[in-house]
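**Student:** Before I ask anything, here is the structure I am working with.
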Amino acid sequence: MSNKISYQELIKQEYKKCMDSPVYFMKYYVKIQHPIRGTILFDLYKFQEETLQAFYDYKNNIILKSRQMGISTLVAAYSLWLMLFHNDKKILLISLKQEVAKELITKVRFANENLPTWLKVKCIEDNRLSLKFVNGSQINASSTTKKSGVSHALSLLIIDEAALIDDAEELWTSAQPALSTGGNIIILSTPRGIGNWFHKMWVGAEEGVENGVGKNTFHPINLPWHLHPDRDEEWRRVEGEKQGSAKKAAQEFDCDFLASGDSVVDLTIIEFYKKNKVRDPIEVRGSDRGLWIWEYPDFTRSYIVSADVARGDGEDFAACHVLDITGGSPTQVAEYKGSLGTKEFGNFLVELATMYNDALLVVERESYGWASLQQIIDREYKNTFYSSADLKYVDVQRQLTNRIYSEEKKMVPGFSTNLKTRPLIIDNLAHYFRDMAVEIRSKRTCAELETFIWKNNKAVAMEGYNDDLVMSLAIGLWIRDTALRLRQEGMDLIRSTLDKMYMNKMDQTPFYKTRLRQVGSEQWTMKTGQQGTGNQNVEDLQWLLG
C-alpha cells in the first residue's frame with residue numbers, strides 16, 4: 001500500500017487549511033502589490049496576524065490605527081477569504097471617498113486573480129465598485145451617505161476612516177436593520193479629535209471590557225506605529241517632520257485622540273483645565289438646575305454677564321457666563337445653561353447681572369437675541385452693552401449711563417455675531433486658552449470646547465453637539481478686551497484733559513487776586529458797597545458761625 005498522497009488529496013488538505021484559517025490563507029496564497037518590491041506574498045506581521053484573528057474571533061471590531069500599517073490591505077484580503085469559502089456572503093465597504101472605495105475593490109480583485117487555479121472562484125460580475133462570485137458572494141463599495149448599507153441584509157459592514165465621516169452616527173443608525181440578521185462589522189480609522197462618533201464608539205469599546213469586548217459589544221484593536229517591526233524612533237521622527245506639525249503627526253501615527261483633530265482649542269489644554277481647574281459649583285440654582293455658582297458676588301469687584309440666546313426649538317440652549325474682570329485673568333464665577341424662553345431669559349439676565357454688582361450685561365443680539373434684549377430694555381437695566389450696528393465702535397459713554405448720547409450715535413443694544421466679528425472673537429478665545437489666561441471652572445464649558453472644531457474653515461460645534469457656552473464665553477472675553485478697554489481709555493482721556501486744564505490754570509496769571517487777611521477778628525469781616533467809591537461799609541460775618 002503506497003504512502004504517497006495524491007495531488008488531489010494535497011489540494012484538498014490545503015484548501016481546508018485555508019478555509020479554517022484566514023491567517024494561513026493569506027501567508028501562503030494571497031499576493032499583494034508592494035510599492036517597492038512589486039507583487040509579493042502577504043507575509044503577515046505579528047500585529048496583522050492578531051488583528052486578522054480578531055476578525056475571525058469577534059463579531060464586531062473597532063480599530064484605532066496609525067497610517068501605513070497595511071490594515072486596508074488586510075481588510076481586503078479578509079473580505080476575499082469570506083467570499084471564497086462561504087456562499088452568499090454580502091460585504092459592503094463604506095469609505096469617505098469613492099476613490100478609496102475603488103482601491104479596496106481593486107485589492108480584492110488583484111488578490112483573487114493571483115490565486116492558484118484550485119482556489120479561485122469564478123467572478124460573474126466585475127466593475128470598479130463591486131465584485132460578485134458564482135457562489136453568490138459579493139462585495140460592494142460606496143462613498144458615505146446617510147442611507148449607505150440600508151438596502152440589503154449584510155454579512156459584513158466595513159466603515160473606513162470613520163472619524164472623518166460627518167454623518168457617521170446617522171449612517172450607523174441606518175445600517176442597523178442591515179446587520180440585524182447577524183452581520184459583522186469592522187470600523188477602522190485614525191483618530192480625529194474627541195467627541196465624534198468614532199471616538200464615542202472607541203470609548204465604549206474600551207469601557208468595561210469583558211471577554212474581549214466593551215460595553216458596546218465591540219472588540220477594541222489599538223495599532224500605533226511602533227507595532228510595525230520595520231520602524232524605529234528615527235522613522236517616526238522623519239515621517240513626523242513630513243507631516244508639517246506635531247499635531248498632524250500625532251494624528252497620523254500615535255493614535256492619540258487628544259493630540260489629533262481640528263479642535264479650535266488644543267485638546268491637551270482642555271485636558272489640563274479638566275484636571276487642574278474644573279471643580280463642582282458651590283451652589284446650583286433654578287428649577288432646571290441650570291445656574292451653577294462658584295463664587296458669590298463681591299462688592300469690591302467688577303463683572304461681565306455675557307449671554308447667547310436660544311432659538312427656542314430645543315436644538316440649542318440659552319447660555320451665559322458671569323466673569324470676574326477685576327485685575328488679571330478673567331475668572332468664571334457663575335454659568336447658566338438651560339431651556340429658558342427668550343422673555344424669561346431676559347428677566348433672568350437682569351436679575352443675575354443686578355446680583356453681580358450691576359454687571360455689564362452683554363447679549364448676542366442676532367435673531368432671537370432681540371426678544372431677550374427687549375425685555376432687558378423694558379426693565380431699564382442701567383448697564384446694558386450698546387454698540388454700533390457694524391460693531392466698528394462700542395458705546396463707551398453708554399456704559400456710563402448716558403442713553404441720549406448712545407441714541408445720537410445710532411448705537412444699538414447687544415453684540416452682533418456676524419461674518420466680521422465671529423472670527424475675531426473665536427481667535428481671541430483661542431489665544432486666551434493658548435496662554436491659559438482665563439480661569440474656567442465648568443465641566444460643561446470644557447465639554448463644549450472639546451467638540452468645538454474647524455470645519456470648512458469655520459469654527460462650529462460637531463454635529464449633534466452645541467456651542468452655546470463657547471460662544472457666550474467668546475463674546476464675554478472679547479468685550480473684556482475691547483469695550484472695557486475703550487471705556488477706560490475714554491475715562492483716562494477725560495482725566496488727562498482735566499489735569500491739563502488744571503495745570504494750564506496754575507501756569508497762568510490769575511484774573512482775580514486775593515489778599516491775605518490778618519489773623520484775628522478782621523478775618524471775619526467783608527467790605528460791602530461799590531468799590532472805588534466812598535460808600536463802602538464793613539460787615540461782620542461771625543454770625544455765620546452761629
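Within each chain, counting starts at residue 1; across the C-alpha cells, chains are named A, B, ... in the order shown, with ligands numbered 1 upward in that order.
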Please identify the alpha helix (DSSP H) residues within region 114-244 of chain A (assignment by DSSP from backbone atoms) and present them as a PyMOL selection string.

**Tutor:** chain A and resi 168-179+197-206+233-242

**Student:** Looking only at the backbone, which of the residues in region 194-310 of chain A does DSSP tag as strand (DSSP E), as a PyMOL selection string?

**Tutor:** chain A and resi 219-223+283-285+291-293+303-308

**Student:** Take CA of Gln251 (chain A) and CA of Ile158 (chain A) and report the distance between them in Å, one decimal.

**Tutor:**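 That distance, rounded to one decimal, is 21.2 Å.
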
**Student:** Near region 210-223 of chain A, counting only C-alpha atoms, which residues have an atom at most 6 Å away, once you skip same-chain residues fewer than 4 positions from it, shown as a list in words?

**Tutor:**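 Surrounding residues, per the criterion: Asn60, Asn61, Ile62, Ile63, Leu64, Lys65, Gly204, Ala205 and Glu206 of chain A.
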
**Student:** Can I get the selected residues back with N, CA, C and O atoms, as a CSV table (one decimal), in the first residue's frame?

**Tutor:**
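So the final result, stored in result.csv, reads:
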```csv
chain,number,residue,atom,x,y,z
A,60,ASN,N,-17.9,42.0,16.3
A,60,ASN,CA,-17.7,43.4,15.9
A,60,ASN,C,-16.3,43.9,16.4
A,60,ASN,O,-15.9,43.6,17.5
A,61,ASN,N,-15.6,44.5,15.5
A,61,ASN,CA,-14.3,45.0,15.8
A,61,ASN,C,-14.2,46.5,15.5
A,61,ASN,O,-14.7,47.0,14.4
A,62,ILE,N,-13.4,47.2,16.3
A,62,ILE,CA,-13.2,48.6,16.0
A,62,ILE,C,-11.7,48.8,16.1
A,62,ILE,O,-11.0,48.4,17.1
A,63,ILE,N,-11.0,49.5,15.1
A,63,ILE,CA,-9.6,49.6,15.0
A,63,ILE,C,-9.2,51.0,15.1
A,63,ILE,O,-9.6,51.9,14.2
A,64,LEU,N,-8.4,51.4,16.0
A,64,LEU,CA,-7.7,52.7,16.1
A,64,LEU,C,-6.3,52.5,15.6
A,64,LEU,O,-5.5,51.8,16.2
A,65,LYS,N,-6.0,53.1,14.5
A,65,LYS,CA,-4.8,52.7,13.8
A,65,LYS,C,-3.9,53.9,13.4
A,65,LYS,O,-4.4,55.0,13.1
A,204,GLY,N,-16.6,53.5,24.2
A,204,GLY,CA,-17.5,52.4,24.6
A,204,GLY,C,-16.9,51.0,24.5
A,204,GLY,O,-17.2,50.2,25.3
A,205,ALA,N,-16.0,50.8,23.5
A,205,ALA,CA,-15.4,49.5,23.3
A,205,ALA,C,-14.3,49.3,24.4
A,205,ALA,O,-14.1,48.2,24.8
A,206,GLU,N,-13.7,50.4,24.9
A,206,GLU,CA,-12.6,50.2,25.9
A,206,GLU,C,-13.2,50.1,27.3
A,206,GLU,O,-12.6,49.5,28.2
```

**Student:** One decimal, Å: what's the distance from CA of Asp288 (chain A) over to CA of Cys320 (chain A), could you say?

**Tutor:**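 CA of Asp288 (chain A) sits 14.7 Å away from CA of Cys320 (chain A).
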
**Student:** Give me the residues near His228 (chain A) as a PyMOL selection string, where near means some atom within 10 Å (using only C-alpha atoms) and where sequence neighbours in that chain fewer than 3 positions away do not count.

**Tutor:** chain A and resi 45-48+66+68-70+223-225+231-232

**Student:** If I take CA of Glu463 (chain A) and CA of Glu366 (chain A), how far is one from the other in Å, to one decimal?

**Tutor:**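 Taking CA of Glu463 (chain A) as the start and CA of Glu366 (chain A) as the end point, the length is 21.8 Å.
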
**Student:** Give me the residues near Val30 (chain A) as a PyMOL selection string, where near means some atom within 8 Å (using only C-alpha atoms) and where sequence neighbours in that chain fewer than 4 positions away do not count.

**Tutor:** chain A and resi 25-26+41-42+77+111-112+114-115

**Student:** Would you list the contacts of Glu169 (chain A) as a list in words, taking every protein, DNA or RNA residue within 8 Å and counting only C-alpha atoms, but skipping same-chain residues closer than 3 positions in sequence?

**Tutor:**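 The contact residues come out as Trp172, Thr173 and Trp197 of chain A.
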
**Student:** Can you write just those residues out, C-alpha atoms, as a PDB file, in the first residue's frame?

**Tutor:**
```pdb
ATOM      1  CA  TRP A 172     -24.685  53.694  11.875  1.00  0.00           C
ATOM      2  CA  THR A 173     -28.371  54.029  12.770  1.00  0.00           C
ATOM      3  CA  TRP A 197     -18.914  59.179  16.565  1.00  0.00           C
TER       4      TRP A 197
END
```

**Student:** When you look at Arg279 (chain A) with a cut-off of 8 Å (counting only C-alpha atoms), what residues show up, excluding the ones that are within fewer than 6 positions of it in the same chain? I need them as a short mmCIF file (atom, residue, chain, number, x, y, z; two decimals) with C-alpha atoms, in the first residue's frame.

**Tutor:**
```cif
data_model
loop_
_atom_site.label_atom_id
_atom_site.label_comp_id
_atom_site.auth_asym_id
_atom_site.auth_seq_id
_atom_site.Cartn_x
_atom_site.Cartn_y
_atom_site.Cartn_z
CA ARG A 441 -14.31 76.03 36.42
CA SER A 442 -17.15 74.39 34.49
CA LYS A 443 -17.05 70.87 33.09
#
```

**Student:** Which is closest to Glu364 (chain A) among A:Asp126, A:Asp43, A:Glu113, A:Asp308, if we use only C-alpha atoms?

**Tutor:**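 Of all the options, A:Asp308 lies closest to Glu364 (chain A).
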
**Student:** Restricting the calculation to only C-alpha atoms: of A:Arg480, A:Lys277, A:Lys247, A:Lys12, which residue gets closest to Pro191 (chain A)?

**Tutor:**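 Between A:Arg480, A:Lys277, A:Lys247, A:Lys12, the residue approaching Pro191 (chain A) most closely is A:Lys247.
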
**Student:** Given only C-alpha atoms as the basis, pick out the residue of A:Ile94, A:Leu129, A:Met355, A:Ala461 nearest to Ala447 (chain A).

**Tutor:**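 Between A:Ile94, A:Leu129, A:Met355, A:Ala461, the residue approaching Ala447 (chain A) most closely is A:Ala461.
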